[in-house]
>>> print(open('work-v2.cif').read())   # mmCIF, C-alpha atoms
data_protein
loop_
_atom_site.group_PDB
_atom_site.id
_atom_site.type_symbol
_atom_site.label_atom_id
_atom_site.label_comp_id
_atom_site.auth_asym_id
_atom_site.auth_seq_id
_atom_site.Cartn_x
_atom_site.Cartn_y
_atom_site.Cartn_z
ATOM 1 C CA MET A 1 -5.408 17.823 -23.674
ATOM 2 C CA ASN A 2 -1.894 16.790 -24.719
ATOM 3 C CA TRP A 3 -0.407 19.370 -22.407
ATOM 4 C CA LEU A 4 -2.572 18.074 -19.566
ATOM 5 C CA ALA A 5 -1.532 14.484 -20.308
ATOM 6 C CA GLU A 6 2.146 15.415 -20.216
ATOM 7 C CA LYS A 7 1.657 17.268 -16.951
ATOM 8 C CA THR A 8 -0.118 14.262 -15.383
ATOM 9 C CA ILE A 9 2.656 11.872 -16.431
ATOM 10 C CA ARG A 10 5.296 14.262 -15.110
ATOM 11 C CA THR A 11 3.462 14.453 -11.753
ATOM 12 C CA TYR A 12 3.440 10.626 -11.490
ATOM 13 C CA LEU A 13 7.144 10.385 -12.372
ATOM 14 C CA ILE A 14 8.144 13.094 -9.889
ATOM 15 C CA SER A 15 6.136 11.455 -7.075
ATOM 16 C CA TRP A 16 7.718 8.075 -7.912
ATOM 17 C CA LEU A 17 11.233 9.597 -7.717
ATOM 18 C CA ALA A 18 10.316 11.359 -4.452
ATOM 19 C CA LEU A 19 9.016 8.075 -2.994
ATOM 20 C CA LEU A 20 12.210 6.198 -3.925
ATOM 21 C CA THR A 21 14.370 9.028 -2.525
ATOM 22 C CA LEU A 22 12.424 8.914 0.744
ATOM 23 C CA LEU A 23 12.922 5.120 0.815
ATOM 24 C CA ALA A 24 16.699 5.696 0.587
ATOM 25 C CA VAL A 25 16.473 8.336 3.343
ATOM 26 C CA THR A 26 14.524 6.124 5.750
ATOM 27 C CA LEU A 27 16.804 3.105 5.083
ATOM 28 C CA ALA A 28 20.029 5.117 5.474
ATOM 29 C CA SER A 29 18.803 6.902 8.622
ATOM 30 C CA ALA A 30 18.144 3.525 10.269
ATOM 31 C CA TYR A 31 21.912 2.837 10.272
ATOM 32 C CA LEU A 32 22.764 6.052 12.151
ATOM 33 C CA PRO A 33 22.695 5.869 15.974
ATOM 34 C CA LEU A 34 20.079 8.551 16.637
ATOM 35 C CA GLY A 35 18.195 7.008 19.578
ATOM 36 C CA VAL A 36 14.498 7.850 19.594
ATOM 37 C CA PHE A 37 14.976 9.961 16.464
ATOM 38 C CA ASN A 38 15.443 6.790 14.368
ATOM 39 C CA ALA A 39 11.804 5.847 14.885
ATOM 40 C CA ALA A 40 10.741 9.489 14.514
ATOM 41 C CA ILE A 41 12.476 9.814 11.121
ATOM 42 C CA ASN A 42 11.105 6.438 9.913
ATOM 43 C CA LEU A 43 7.563 7.436 10.882
ATOM 44 C CA THR A 44 7.834 10.938 9.390
ATOM 45 C CA VAL A 45 9.102 9.491 6.100
ATOM 46 C CA SER A 46 6.270 6.911 6.021
ATOM 47 C CA VAL A 47 3.639 9.582 6.652
ATOM 48 C CA THR A 48 5.153 11.794 3.919
ATOM 49 C CA GLN A 49 5.243 8.875 1.463
ATOM 50 C CA ALA A 50 1.639 7.971 2.297
ATOM 51 C CA ALA A 51 0.612 11.610 1.757
ATOM 52 C CA ILE A 52 2.283 11.647 -1.676
ATOM 53 C CA VAL A 53 0.455 8.454 -2.736
ATOM 54 C CA LEU A 54 -2.886 9.670 -1.323
ATOM 55 C CA LEU A 55 -2.703 13.144 -2.874
ATOM 56 C CA PHE A 56 -1.234 12.370 -6.302
ATOM 57 C CA SER A 57 -1.624 8.668 -7.223
ATOM 58 C CA MET A 58 -5.017 8.387 -5.508
ATOM 59 C CA HIS A 59 -6.074 11.873 -6.655
ATOM 60 C CA LEU A 60 -7.274 13.089 -3.245
ATOM 61 C CA ARG A 61 -5.793 16.500 -4.122
ATOM 62 C CA SER A 62 -8.593 17.044 -6.603
ATOM 63 C CA ALA A 63 -11.213 14.708 -5.081
ATOM 64 C CA HIS A 64 -14.641 15.636 -3.740
ATOM 65 C CA PRO A 65 -14.511 16.656 -0.028
ATOM 66 C CA THR A 66 -16.738 13.678 0.864
ATOM 67 C CA LEU A 67 -14.039 11.296 -0.395
ATOM 68 C CA ARG A 68 -11.354 13.155 1.560
ATOM 69 C CA ILE A 69 -13.384 12.890 4.767
ATOM 70 C CA VAL A 70 -13.953 9.150 4.240
ATOM 71 C CA ALA A 71 -10.236 8.658 3.495
ATOM 72 C CA ALA A 72 -9.276 10.582 6.644
ATOM 73 C CA SER A 73 -11.769 8.687 8.833
ATOM 74 C CA GLY A 74 -9.794 5.425 8.771
ATOM 75 C CA PHE A 75 -6.539 7.131 9.764
ATOM 76 C CA VAL A 76 -8.255 9.207 12.464
ATOM 77 C CA GLY A 77 -9.878 6.054 13.902
ATOM 78 C CA ILE A 78 -6.508 4.319 14.150
ATOM 79 C CA ALA A 79 -4.867 7.377 15.710
ATOM 80 C CA ILE A 80 -7.554 7.382 18.430
ATOM 81 C CA LEU A 81 -7.185 3.614 18.984
ATOM 82 C CA ILE A 82 -3.395 3.774 19.356
ATOM 83 C CA ALA A 83 -3.390 6.981 21.433
ATOM 84 C CA LEU A 84 -5.987 5.724 23.945
ATOM 85 C CA SER A 85 -4.387 2.263 24.176
ATOM 86 C CA LEU A 86 -0.980 3.820 24.837
ATOM 87 C CA SER A 87 -2.465 6.117 27.470
ATOM 88 C CA ASP A 88 -3.297 2.918 29.385
ATOM 89 C CA VAL A 89 -0.016 1.037 28.899
ATOM 90 C CA LEU A 90 2.290 4.039 29.418
ATOM 91 C CA THR A 91 0.647 5.221 32.654
ATOM 92 C CA ARG A 92 0.548 1.901 34.512
ATOM 93 C CA MET B 1 -19.927 8.219 -34.522
ATOM 94 C CA MET B 2 -20.834 10.623 -31.747
ATOM 95 C CA GLY B 3 -24.237 8.976 -31.385
ATOM 96 C CA ARG B 4 -22.683 5.525 -31.107
ATOM 97 C CA ARG B 5 -20.242 6.620 -28.468
ATOM 98 C CA MET B 6 -22.957 8.221 -26.377
ATOM 99 C CA ALA B 7 -25.143 5.170 -26.723
ATOM 100 C CA SER B 8 -22.318 2.893 -25.547
ATOM 101 C CA ALA B 9 -21.583 5.101 -22.546
ATOM 102 C CA VAL B 10 -25.249 5.011 -21.580
ATOM 103 C CA SER B 11 -25.229 1.190 -21.789
ATOM 104 C CA PHE B 12 -22.728 1.108 -18.882
ATOM 105 C CA LEU B 13 -25.245 2.984 -16.763
ATOM 106 C CA ALA B 14 -26.940 0.824 -14.110
ATOM 107 C CA PRO B 15 -30.697 1.546 -13.758
ATOM 108 C CA GLN B 16 -30.416 2.988 -10.232
ATOM 109 C CA PHE B 17 -28.295 5.965 -11.387
ATOM 110 C CA ASP B 18 -29.374 9.165 -13.142
ATOM 111 C CA ASP B 19 -26.181 9.501 -15.180
ATOM 112 C CA ILE B 20 -22.607 8.223 -15.613
ATOM 113 C CA GLU B 21 -21.163 10.893 -13.305
ATOM 114 C CA GLN B 22 -23.442 9.870 -10.444
ATOM 115 C CA GLN B 23 -22.570 6.204 -11.003
ATOM 116 C CA LYS B 24 -18.853 7.006 -10.972
ATOM 117 C CA GLY B 25 -19.249 9.064 -7.791
ATOM 118 C CA ALA B 26 -21.038 6.162 -6.081
ATOM 119 C CA SER B 27 -18.268 3.720 -7.083
ATOM 120 C CA LYS B 28 -15.569 6.053 -5.767
ATOM 121 C CA LEU B 29 -17.387 6.623 -2.483
ATOM 122 C CA GLY B 30 -17.889 2.864 -2.166
ATOM 123 C CA ILE B 31 -14.220 1.988 -2.677
ATOM 124 C CA TRP B 32 -13.061 4.729 -0.293
ATOM 125 C CA ILE B 33 -15.389 3.447 2.449
ATOM 126 C CA PHE B 34 -13.971 -0.043 1.840
ATOM 127 C CA LEU B 35 -10.418 1.344 1.949
ATOM 128 C CA ALA B 36 -11.191 3.096 5.263
ATOM 129 C CA THR B 37 -12.209 -0.303 6.710
ATOM 130 C CA GLU B 38 -8.959 -1.764 5.333
ATOM 131 C CA ILE B 39 -7.025 0.988 7.124
ATOM 132 C CA LEU B 40 -8.864 0.066 10.339
ATOM 133 C CA PHE B 41 -8.150 -3.641 9.732
ATOM 134 C CA PHE B 42 -4.394 -3.115 9.377
ATOM 135 C CA GLY B 43 -4.486 -0.333 11.980
ATOM 136 C CA VAL B 44 -5.502 -2.830 14.660
ATOM 137 C CA LEU B 45 -2.381 -4.860 13.840
ATOM 138 C CA PHE B 46 -0.271 -1.690 14.059
ATOM 139 C CA ALA B 47 -1.901 -0.904 17.424
ATOM 140 C CA ALA B 48 -1.042 -4.429 18.671
ATOM 141 C CA TYR B 49 2.507 -3.910 17.410
ATOM 142 C CA THR B 50 2.855 -0.508 19.124
ATOM 143 C CA LEU B 51 1.602 -1.773 22.491
ATOM 144 C CA THR B 52 3.811 -4.883 22.401
ATOM 145 C CA ARG B 53 6.852 -2.882 21.315
ATOM 146 C CA VAL B 54 6.381 -0.367 24.124
ATOM 147 C CA GLN B 55 6.410 -3.259 26.593
ATOM 148 C CA HIS B 56 9.362 -5.141 25.017
ATOM 149 C CA PRO B 57 11.565 -2.547 23.253
ATOM 150 C CA ALA B 58 14.816 -4.554 23.466
ATOM 151 C CA ALA B 59 13.216 -7.777 22.163
ATOM 152 C CA PHE B 60 11.642 -5.905 19.209
ATOM 153 C CA ALA B 61 15.039 -4.377 18.368
ATOM 154 C CA ALA B 62 16.624 -7.847 18.490
ATOM 155 C CA GLY B 63 13.816 -9.401 16.432
ATOM 156 C CA SER B 64 13.946 -6.665 13.801
ATOM 157 C CA ARG B 65 17.693 -7.178 13.338
ATOM 158 C CA LEU B 66 16.959 -10.818 12.372
ATOM 159 C CA THR B 67 14.692 -9.810 9.461
ATOM 160 C CA ASN B 68 16.060 -9.491 5.939
ATOM 161 C CA VAL B 69 16.346 -5.752 5.305
ATOM 162 C CA THR B 70 17.916 -6.103 1.828
ATOM 163 C CA LEU B 71 15.052 -8.130 0.361
ATOM 164 C CA ALA B 72 12.474 -5.924 2.104
ATOM 165 C CA SER B 73 14.052 -2.753 0.686
ATOM 166 C CA ILE B 74 14.084 -4.229 -2.827
ATOM 167 C CA ASN B 75 10.431 -5.196 -2.344
ATOM 168 C CA THR B 76 9.542 -1.660 -1.228
ATOM 169 C CA ALA B 77 11.054 -0.261 -4.446
ATOM 170 C CA VAL B 78 9.210 -2.933 -6.493
ATOM 171 C CA LEU B 79 5.871 -2.022 -4.887
ATOM 172 C CA LEU B 80 6.428 1.740 -5.299
ATOM 173 C CA THR B 81 7.218 1.155 -8.978
ATOM 174 C CA SER B 82 4.101 -1.013 -9.395
ATOM 175 C CA SER B 83 2.078 1.912 -8.033
ATOM 176 C CA LEU B 84 3.605 4.118 -10.756
ATOM 177 C CA THR B 85 2.760 1.618 -13.537
ATOM 178 C CA MET B 86 -0.794 1.322 -12.147
ATOM 179 C CA ALA B 87 -1.211 5.127 -12.139
ATOM 180 C CA LEU B 88 0.081 5.265 -15.721
ATOM 181 C CA GLY B 89 -2.449 2.529 -16.563
ATOM 182 C CA VAL B 90 -5.318 4.668 -15.266
ATOM 183 C CA HIS B 91 -3.920 7.560 -17.263
ATOM 184 C CA ALA B 92 -3.846 5.400 -20.419
ATOM 185 C CA ALA B 93 -7.467 4.374 -19.739
ATOM 186 C CA GLN B 94 -8.400 8.046 -19.400
ATOM 187 C CA CYS B 95 -6.822 8.735 -22.798
ATOM 188 C CA GLY B 96 -8.605 5.735 -24.325
ATOM 189 C CA ALA B 97 -5.261 4.076 -25.172
ATOM 190 C CA ARG B 98 -6.249 0.400 -25.046
ATOM 191 C CA ARG B 99 -2.869 -1.201 -25.816
ATOM 192 C CA ALA B 100 -1.021 1.087 -23.410
ATOM 193 C CA LEU B 101 -3.596 0.243 -20.715
ATOM 194 C CA VAL B 102 -3.120 -3.521 -21.221
ATOM 195 C CA GLY B 103 0.663 -2.992 -21.179
ATOM 196 C CA TRP B 104 0.725 -1.001 -17.923
ATOM 197 C CA LEU B 105 -1.684 -3.408 -16.212
ATOM 198 C CA SER B 106 0.445 -6.408 -17.279
ATOM 199 C CA LEU B 107 3.581 -4.687 -15.991
ATOM 200 C CA THR B 108 1.834 -4.019 -12.667
ATOM 201 C CA VAL B 109 0.849 -7.697 -12.426
ATOM 202 C CA GLY B 110 4.478 -8.663 -13.140
ATOM 203 C CA LEU B 111 5.779 -6.384 -10.389
ATOM 204 C CA GLY B 112 3.130 -7.682 -7.960
ATOM 205 C CA ILE B 113 4.206 -11.277 -8.669
ATOM 206 C CA ALA B 114 7.872 -10.239 -8.247
ATOM 207 C CA PHE B 115 6.973 -8.806 -4.816
ATOM 208 C CA LEU B 116 5.312 -12.092 -3.805
ATOM 209 C CA ALA B 117 8.275 -14.131 -5.110
ATOM 210 C CA VAL B 118 10.751 -12.074 -3.057
ATOM 211 C CA LYS B 119 8.442 -12.413 -0.047
ATOM 212 C CA GLY B 120 8.474 -16.199 -0.560
ATOM 213 C CA ILE B 121 12.290 -16.254 -0.663
ATOM 214 C CA GLU B 122 12.298 -14.194 2.536
ATOM 215 C CA TYR B 123 9.921 -16.627 4.302
ATOM 216 C CA ARG B 124 12.133 -19.526 3.222
ATOM 217 C CA ILE B 125 15.193 -17.800 4.738
ATOM 218 C CA ASP B 126 13.198 -17.129 7.933
ATOM 219 C CA TYR B 127 12.291 -20.833 8.080
ATOM 220 C CA VAL B 128 15.893 -21.949 7.580
ATOM 221 C CA GLU B 129 16.980 -19.512 10.329
ATOM 222 C CA HIS B 130 14.407 -20.984 12.773
ATOM 223 C CA LEU B 131 12.344 -17.830 13.046
ATOM 224 C CA VAL B 132 8.843 -19.243 12.490
ATOM 225 C CA PRO B 133 6.828 -19.212 15.748
ATOM 226 C CA LYS B 134 5.152 -22.500 16.763
ATOM 227 C CA ILE B 135 6.875 -24.359 13.895
ATOM 228 C CA ASN B 136 10.607 -24.081 14.521
ATOM 229 C CA PHE B 137 11.237 -20.915 16.521
ATOM 230 C CA GLN B 138 14.578 -20.819 18.320
ATOM 231 C CA TYR B 139 16.215 -17.803 19.953
ATOM 232 C CA PRO B 140 19.358 -18.338 22.023
ATOM 233 C CA GLY B 141 19.365 -15.163 24.113
ATOM 234 C CA GLU B 142 17.105 -13.988 26.911
ATOM 235 C CA GLN B 143 13.679 -12.573 26.077
ATOM 236 C CA GLY B 144 13.108 -15.370 23.557
ATOM 237 C CA GLY B 145 9.377 -15.247 24.294
ATOM 238 C CA ALA B 146 9.143 -11.538 23.472
ATOM 239 C CA VAL B 147 11.227 -11.982 20.297
ATOM 240 C CA GLU B 148 8.814 -14.753 19.300
ATOM 241 C CA LEU B 149 5.958 -12.270 19.848
ATOM 242 C CA PHE B 150 7.695 -9.939 17.374
ATOM 243 C CA PHE B 151 7.806 -12.744 14.817
ATOM 244 C CA TYR B 152 4.130 -13.597 15.383
ATOM 245 C CA LEU B 153 3.351 -9.989 14.422
ATOM 246 C CA TYR B 154 5.877 -10.114 11.565
ATOM 247 C CA PHE B 155 4.216 -13.157 9.988
ATOM 248 C CA VAL B 156 0.629 -11.998 10.561
ATOM 249 C CA VAL B 157 1.240 -8.475 9.209
ATOM 250 C CA THR B 158 3.367 -9.483 6.192
ATOM 251 C CA GLY B 159 1.143 -12.523 5.537
ATOM 252 C CA VAL B 160 -2.092 -10.530 5.506
ATOM 253 C CA HIS B 161 -0.399 -7.855 3.401
ATOM 254 C CA ALA B 162 0.851 -10.485 0.915
ATOM 255 C CA LEU B 163 -2.714 -11.831 0.701
ATOM 256 C CA HIS B 164 -3.847 -8.317 -0.247
ATOM 257 C CA VAL B 165 -1.135 -8.153 -2.917
ATOM 258 C CA LEU B 166 -2.321 -11.537 -4.254
ATOM 259 C CA ILE B 167 -5.945 -10.305 -4.400
ATOM 260 C CA GLY B 168 -4.750 -7.110 -6.106
ATOM 261 C CA VAL B 169 -2.752 -9.073 -8.705
ATOM 262 C CA THR B 170 -5.813 -11.244 -9.444
ATOM 263 C CA VAL B 171 -8.141 -8.260 -9.878
ATOM 264 C CA ILE B 172 -5.606 -6.419 -12.063
ATOM 265 C CA CYS B 173 -5.355 -9.574 -14.244
ATOM 266 C CA VAL B 174 -9.140 -9.453 -14.704
ATOM 267 C CA MET B 175 -8.875 -5.738 -15.589
ATOM 268 C CA ALA B 176 -6.152 -6.502 -18.162
ATOM 269 C CA VAL B 177 -8.357 -9.154 -19.821
ATOM 270 C CA MET B 178 -11.360 -6.786 -19.833
ATOM 271 C CA ALA B 179 -9.171 -4.010 -21.258
ATOM 272 C CA SER B 180 -7.846 -6.260 -24.034
ATOM 273 C CA LYS B 181 -11.445 -7.104 -24.953
ATOM 274 C CA GLY B 182 -12.114 -3.387 -25.330
ATOM 275 C CA VAL B 183 -14.567 -3.064 -22.436
ATOM 276 C CA PHE B 184 -13.126 0.295 -21.311
ATOM 277 C CA ARG B 185 -13.303 3.641 -23.084
ATOM 278 C CA SER B 186 -12.082 7.112 -22.286
ATOM 279 C CA ASP B 187 -15.582 7.871 -20.943
ATOM 280 C CA TYR B 188 -15.896 4.626 -18.958
ATOM 281 C CA PHE B 189 -13.030 3.032 -17.001
ATOM 282 C CA THR B 190 -14.325 3.132 -13.411
ATOM 283 C CA PRO B 191 -13.353 -0.523 -12.636
ATOM 284 C CA VAL B 192 -9.699 0.276 -13.522
ATOM 285 C CA ASP B 193 -9.859 3.453 -11.425
ATOM 286 C CA VAL B 194 -11.290 1.617 -8.408
ATOM 287 C CA THR B 195 -8.779 -1.260 -8.724
ATOM 288 C CA ALA B 196 -5.940 1.293 -8.840
ATOM 289 C CA LEU B 197 -7.158 2.911 -5.598
ATOM 290 C CA TYR B 198 -7.073 -0.504 -3.880
ATOM 291 C CA TRP B 199 -3.578 -1.194 -5.239
ATOM 292 C CA HIS B 200 -2.254 2.180 -4.050
ATOM 293 C CA LEU B 201 -3.657 1.543 -0.564
ATOM 294 C CA VAL B 202 -1.894 -1.842 -0.366
ATOM 295 C CA ASP B 203 1.256 0.104 -1.285
ATOM 296 C CA ILE B 204 0.639 2.665 1.495
ATOM 297 C CA ILE B 205 0.186 -0.092 4.089
ATOM 298 C CA TRP B 206 3.557 -1.574 3.081
ATOM 299 C CA LEU B 207 5.174 1.872 3.511
ATOM 300 C CA PHE B 208 4.338 1.551 7.233
ATOM 301 C CA VAL B 209 5.027 -2.194 7.526
ATOM 302 C CA TYR B 210 8.549 -1.769 6.126
ATOM 303 C CA PRO B 211 10.068 0.557 8.782
ATOM 304 C CA VAL B 212 8.283 -0.927 11.805
ATOM 305 C CA LEU B 213 9.344 -4.512 11.038
ATOM 306 C CA TYR B 214 12.673 -4.122 9.244
ATOM 307 C CA LEU B 215 14.295 -0.871 10.354
ATOM 308 C CA VAL B 216 14.059 -0.994 14.170
ATOM 309 C CA SER B 217 17.484 -0.518 15.741
ATOM 310 C CA ARG B 218 19.748 -1.227 12.768
ATOM 311 C CA SER B 219 22.524 1.076 13.995
#
>>> encode(input="work-v2.cif", output="structure tokens")
Amino acid sequence: MNWLAEKTIRTYLISWLALLTLLAVTLASAYLPLGVFNAAINLTVSVTQAAIVLLFSMHLRSAHPTLRIVAASGFVGIAILIALSLSDVLTR
Amino acid sequence: MMGRRMASAVSFLAPQFDDIEQQKGASKLGIWIFLATEILFFGVLFAAYTLTRVQHPAAFAAGSRLTNVTLASINTAVLLTSSLTMALGVHAAQCGARRALVGWLSLTVGLGIAFLAVKGIEYRIDYVEHLVPKINFQYPGEQGGAVELFFYLYFVVTGVHALHVLIGVTVICVMAVMASKGVFRSDYFTPVDVTALYWHLVDIIWLFVYPVLYLVSRS
């Protein structure tokens, strides 16, 4: 039990450090002239950070599949909304 | 001792559930369905942002450069840290450590209030710099209308997010009071667990708000 507790705390601390490191990466990358890659890096970092929070802090890594499906449904819905809306605006 | 503990765990059981595990599963499913609707709620704002930005890329770059990236970056670190203290709070609840739980929850509340305070300072700076649409918006260059559109989105998205932080802070305060009264035990802490999930989601939403509003075209 003690070993498990230590492991859990270590997981939280490592994800926190990873999240702060990614924050530094996304902020620093914004000051480099990379064209479209600026937005690409920002978005990739955000998705990675969100994945870390979802999997470790929100325990989706060990959650029941039903919970994972429900959690994914919101993101999938938004992806469809944005993709279909863009397909209109970008092809006018 | 064992008998008393079992009896107290059973007393948390609502009549519609067979056992504590089933009740906990229902609470978790409930909060995740709510969180999915929250993702859709903010997602619509992100969709509006994406479509407007695609149509006015230069104005969004100009608008983003007028936001306060230093305060926003500090706030991102504050919110990420509050997520850590919240997770450690849940862990303390799991271990039945009452004082540690109250401590972590209080720290999370403190960080949440710090986030809101910084946000308030930021809004004040925006006001002084004439960036508030409909109230005092002024933009000297061309495309002023499109830059104003960016600031409409900026205030709606950050405002609604701040409201979520405020709700989170309030609920965590309630959890801290309940914890200090000894309501939670290592075999029953679902309200803390569910509150933490909400708090982490508010954190995730900010992780997307931050780059799309503050980091566009800084170079």
>>> interface_residues(input="work-v2.cif", of="chain A", to="chain B", cutoff="7 Å", atoms="all atoms listed in the file", output="count of residues only")
22
>>> closest_residue(input="work-v2.cif", among="B:Phe115, B:Tyr154, B:Phe12, B:Phe60", to="Ile74 of chain B", atoms="all atoms listed in the file")
B:Phe115
>>> residues_around(input="work-v2.cif", residues="Val177 of chain B", least_positions_apart="3", cutoff="12 Å", atoms="all atoms listed in the file", output="ChimeraX atom specification")
/B:98-99,101-103,105-106,109,170-174,180-184,192
>>> atom_distance(input="work-v2.cif", atom1="atom CA of Lys24 of chain B", atom2="atom CA of Thr190 of chain B")
6.4 Å
>>> atom_distance(input="work-v2.cif", atom1="atom CA of Tyr123 of chain B", atom2="atom CA of Gly141 of chain B")
22.0 Å
>>> resolve_selection(input="work-v2.cif", expression="the PyMOL selection byres ((chain B and resi 59) around 10)", output="list in words")
Thr52, Arg53, Gln55, His56, Pro57, Ala58, Phe60, Ala61, Ala62, Gly63, Ser64, Arg65, Gly141, Glu142, Gln143, Gly144, Gly145, Ala146, Val147, Glu148, Leu149 and Phe150 of chain B
>>> closest_residue(input="work-v2.cif", among="B:Thr158, B:Ser186, B:Asn75, B:Thr67", to="Leu111 of chain B", atoms="only C-alpha atoms")
B:Asn75
>>> residues_near_point(input="work-v2.cif", point="(7.6, -11.7, 7.5)", cutoff="9 Å", atoms="only C-alpha atoms", output="PDB file with C-alpha atoms, keeping the file's coordinate frame")
ATOM      1  CA  THR B  67      14.692  -9.810   9.461  1.00  0.00           C
ATOM      2  CA  ASN B  68      16.060  -9.491   5.939  1.00  0.00           C
ATOM      3  CA  LYS B 119       8.442 -12.413  -0.047  1.00  0.00           C
ATOM      4  CA  GLU B 122      12.298 -14.194   2.536  1.00  0.00           C
ATOM      5  CA  TYR B 123       9.921 -16.627   4.302  1.00  0.00           C
ATOM      6  CA  ASP B 126      13.198 -17.129   7.933  1.00  0.00           C
ATOM      7  CA  PHE B 151       7.806 -12.744  14.817  1.00  0.00           C
ATOM      8  CA  TYR B 152       4.130 -13.597  15.383  1.00  0.00           C
ATOM      9  CA  LEU B 153       3.351  -9.989  14.422  1.00  0.00           C
ATOM     10  CA  TYR B 154       5.877 -10.114  11.565  1.00  0.00           C
ATOM     11  CA  PHE B 155       4.216 -13.157   9.988  1.00  0.00           C
ATOM     12  CA  VAL B 156       0.629 -11.998  10.561  1.00  0.00           C
ATOM     13  CA  VAL B 157       1.240  -8.475   9.209  1.00  0.00           C
ATOM     14  CA  THR B 158       3.367  -9.483   6.192  1.00  0.00           C
ATOM     15  CA  GLY B 159       1.143 -12.523   5.537  1.00  0.00           C
ATOM     16  CA  LEU B 213       9.344  -4.512  11.038  1.00  0.00           C
TER      17      LEU B 213
END
>>> closest_residue(input="work-v2.cif", among="A:Leu27, A:Ala5, A:Ala18, A:Leu34", to="Thr48 of chain A", atoms="only C-alpha atoms")
A:Ala18
>>> atom_distance(input="work-v2.cif", atom1="atom CA of Lys7 of chain A", atom2="atom CA of Leu23 of chain A")
24.3 Å
>>> build_atoms(input="work-v2.cif", residues="segment 126-142 of chain B", atoms="N, CA and C atoms", output="short mmCIF file (atom, residue, chain, number, x, y, z; two decimals), in the frame of the given file")
data_model
loop_
_atom_site.label_atom_id
_atom_site.label_comp_id
_atom_site.auth_asym_id
_atom_site.auth_seq_id
_atom_site.Cartn_x
_atom_site.Cartn_y
_atom_site.Cartn_z
N ASP B 126 13.65 -17.18 6.55
CA ASP B 126 13.20 -17.13 7.93
C ASP B 126 13.04 -18.54 8.49
N TYR B 127 12.51 -19.45 7.65
CA TYR B 127 12.29 -20.83 8.08
C TYR B 127 13.63 -21.51 8.37
N VAL B 128 14.56 -21.33 7.43
CA VAL B 128 15.89 -21.95 7.58
C VAL B 128 16.58 -21.42 8.84
N GLU B 129 16.34 -20.12 9.16
CA GLU B 129 16.98 -19.51 10.33
C GLU B 129 16.20 -19.74 11.63
N HIS B 130 15.21 -20.63 11.59
CA HIS B 130 14.41 -20.98 12.77
C HIS B 130 13.71 -19.77 13.38
N LEU B 131 13.02 -19.02 12.56
CA LEU B 131 12.34 -17.83 13.05
C LEU B 131 10.82 -17.93 12.97
N VAL B 132 10.29 -19.12 12.65
CA VAL B 132 8.84 -19.24 12.49
C VAL B 132 8.21 -19.71 13.80
N PRO B 133 7.44 -18.84 14.47
CA PRO B 133 6.83 -19.21 15.75
C PRO B 133 5.96 -20.46 15.62
N LYS B 134 5.96 -21.27 16.66
CA LYS B 134 5.15 -22.50 16.76
C LYS B 134 5.67 -23.62 15.87
N ILE B 135 6.40 -23.31 14.79
CA ILE B 135 6.88 -24.36 13.90
C ILE B 135 8.32 -24.73 14.23
N ASN B 136 9.21 -23.74 14.20
CA ASN B 136 10.61 -24.08 14.52
C ASN B 136 11.34 -22.94 15.21
N PHE B 137 10.60 -22.11 15.95
CA PHE B 137 11.24 -20.92 16.52
C PHE B 137 12.30 -21.24 17.56
N GLN B 138 13.49 -20.67 17.34
CA GLN B 138 14.58 -20.82 18.32
C GLN B 138 15.28 -19.48 18.47
N TYR B 139 15.45 -19.03 19.72
CA TYR B 139 16.22 -17.80 19.95
C TYR B 139 17.10 -18.05 21.15
N PRO B 140 18.43 -17.95 20.96
CA PRO B 140 19.36 -18.34 22.02
C PRO B 140 19.35 -17.42 23.23
N GLY B 141 19.21 -16.11 23.01
CA GLY B 141 19.36 -15.16 24.11
C GLY B 141 18.18 -15.14 25.07
N GLU B 142 18.24 -14.20 26.02
CA GLU B 142 17.10 -13.99 26.91
C GLU B 142 15.98 -13.33 26.11
#
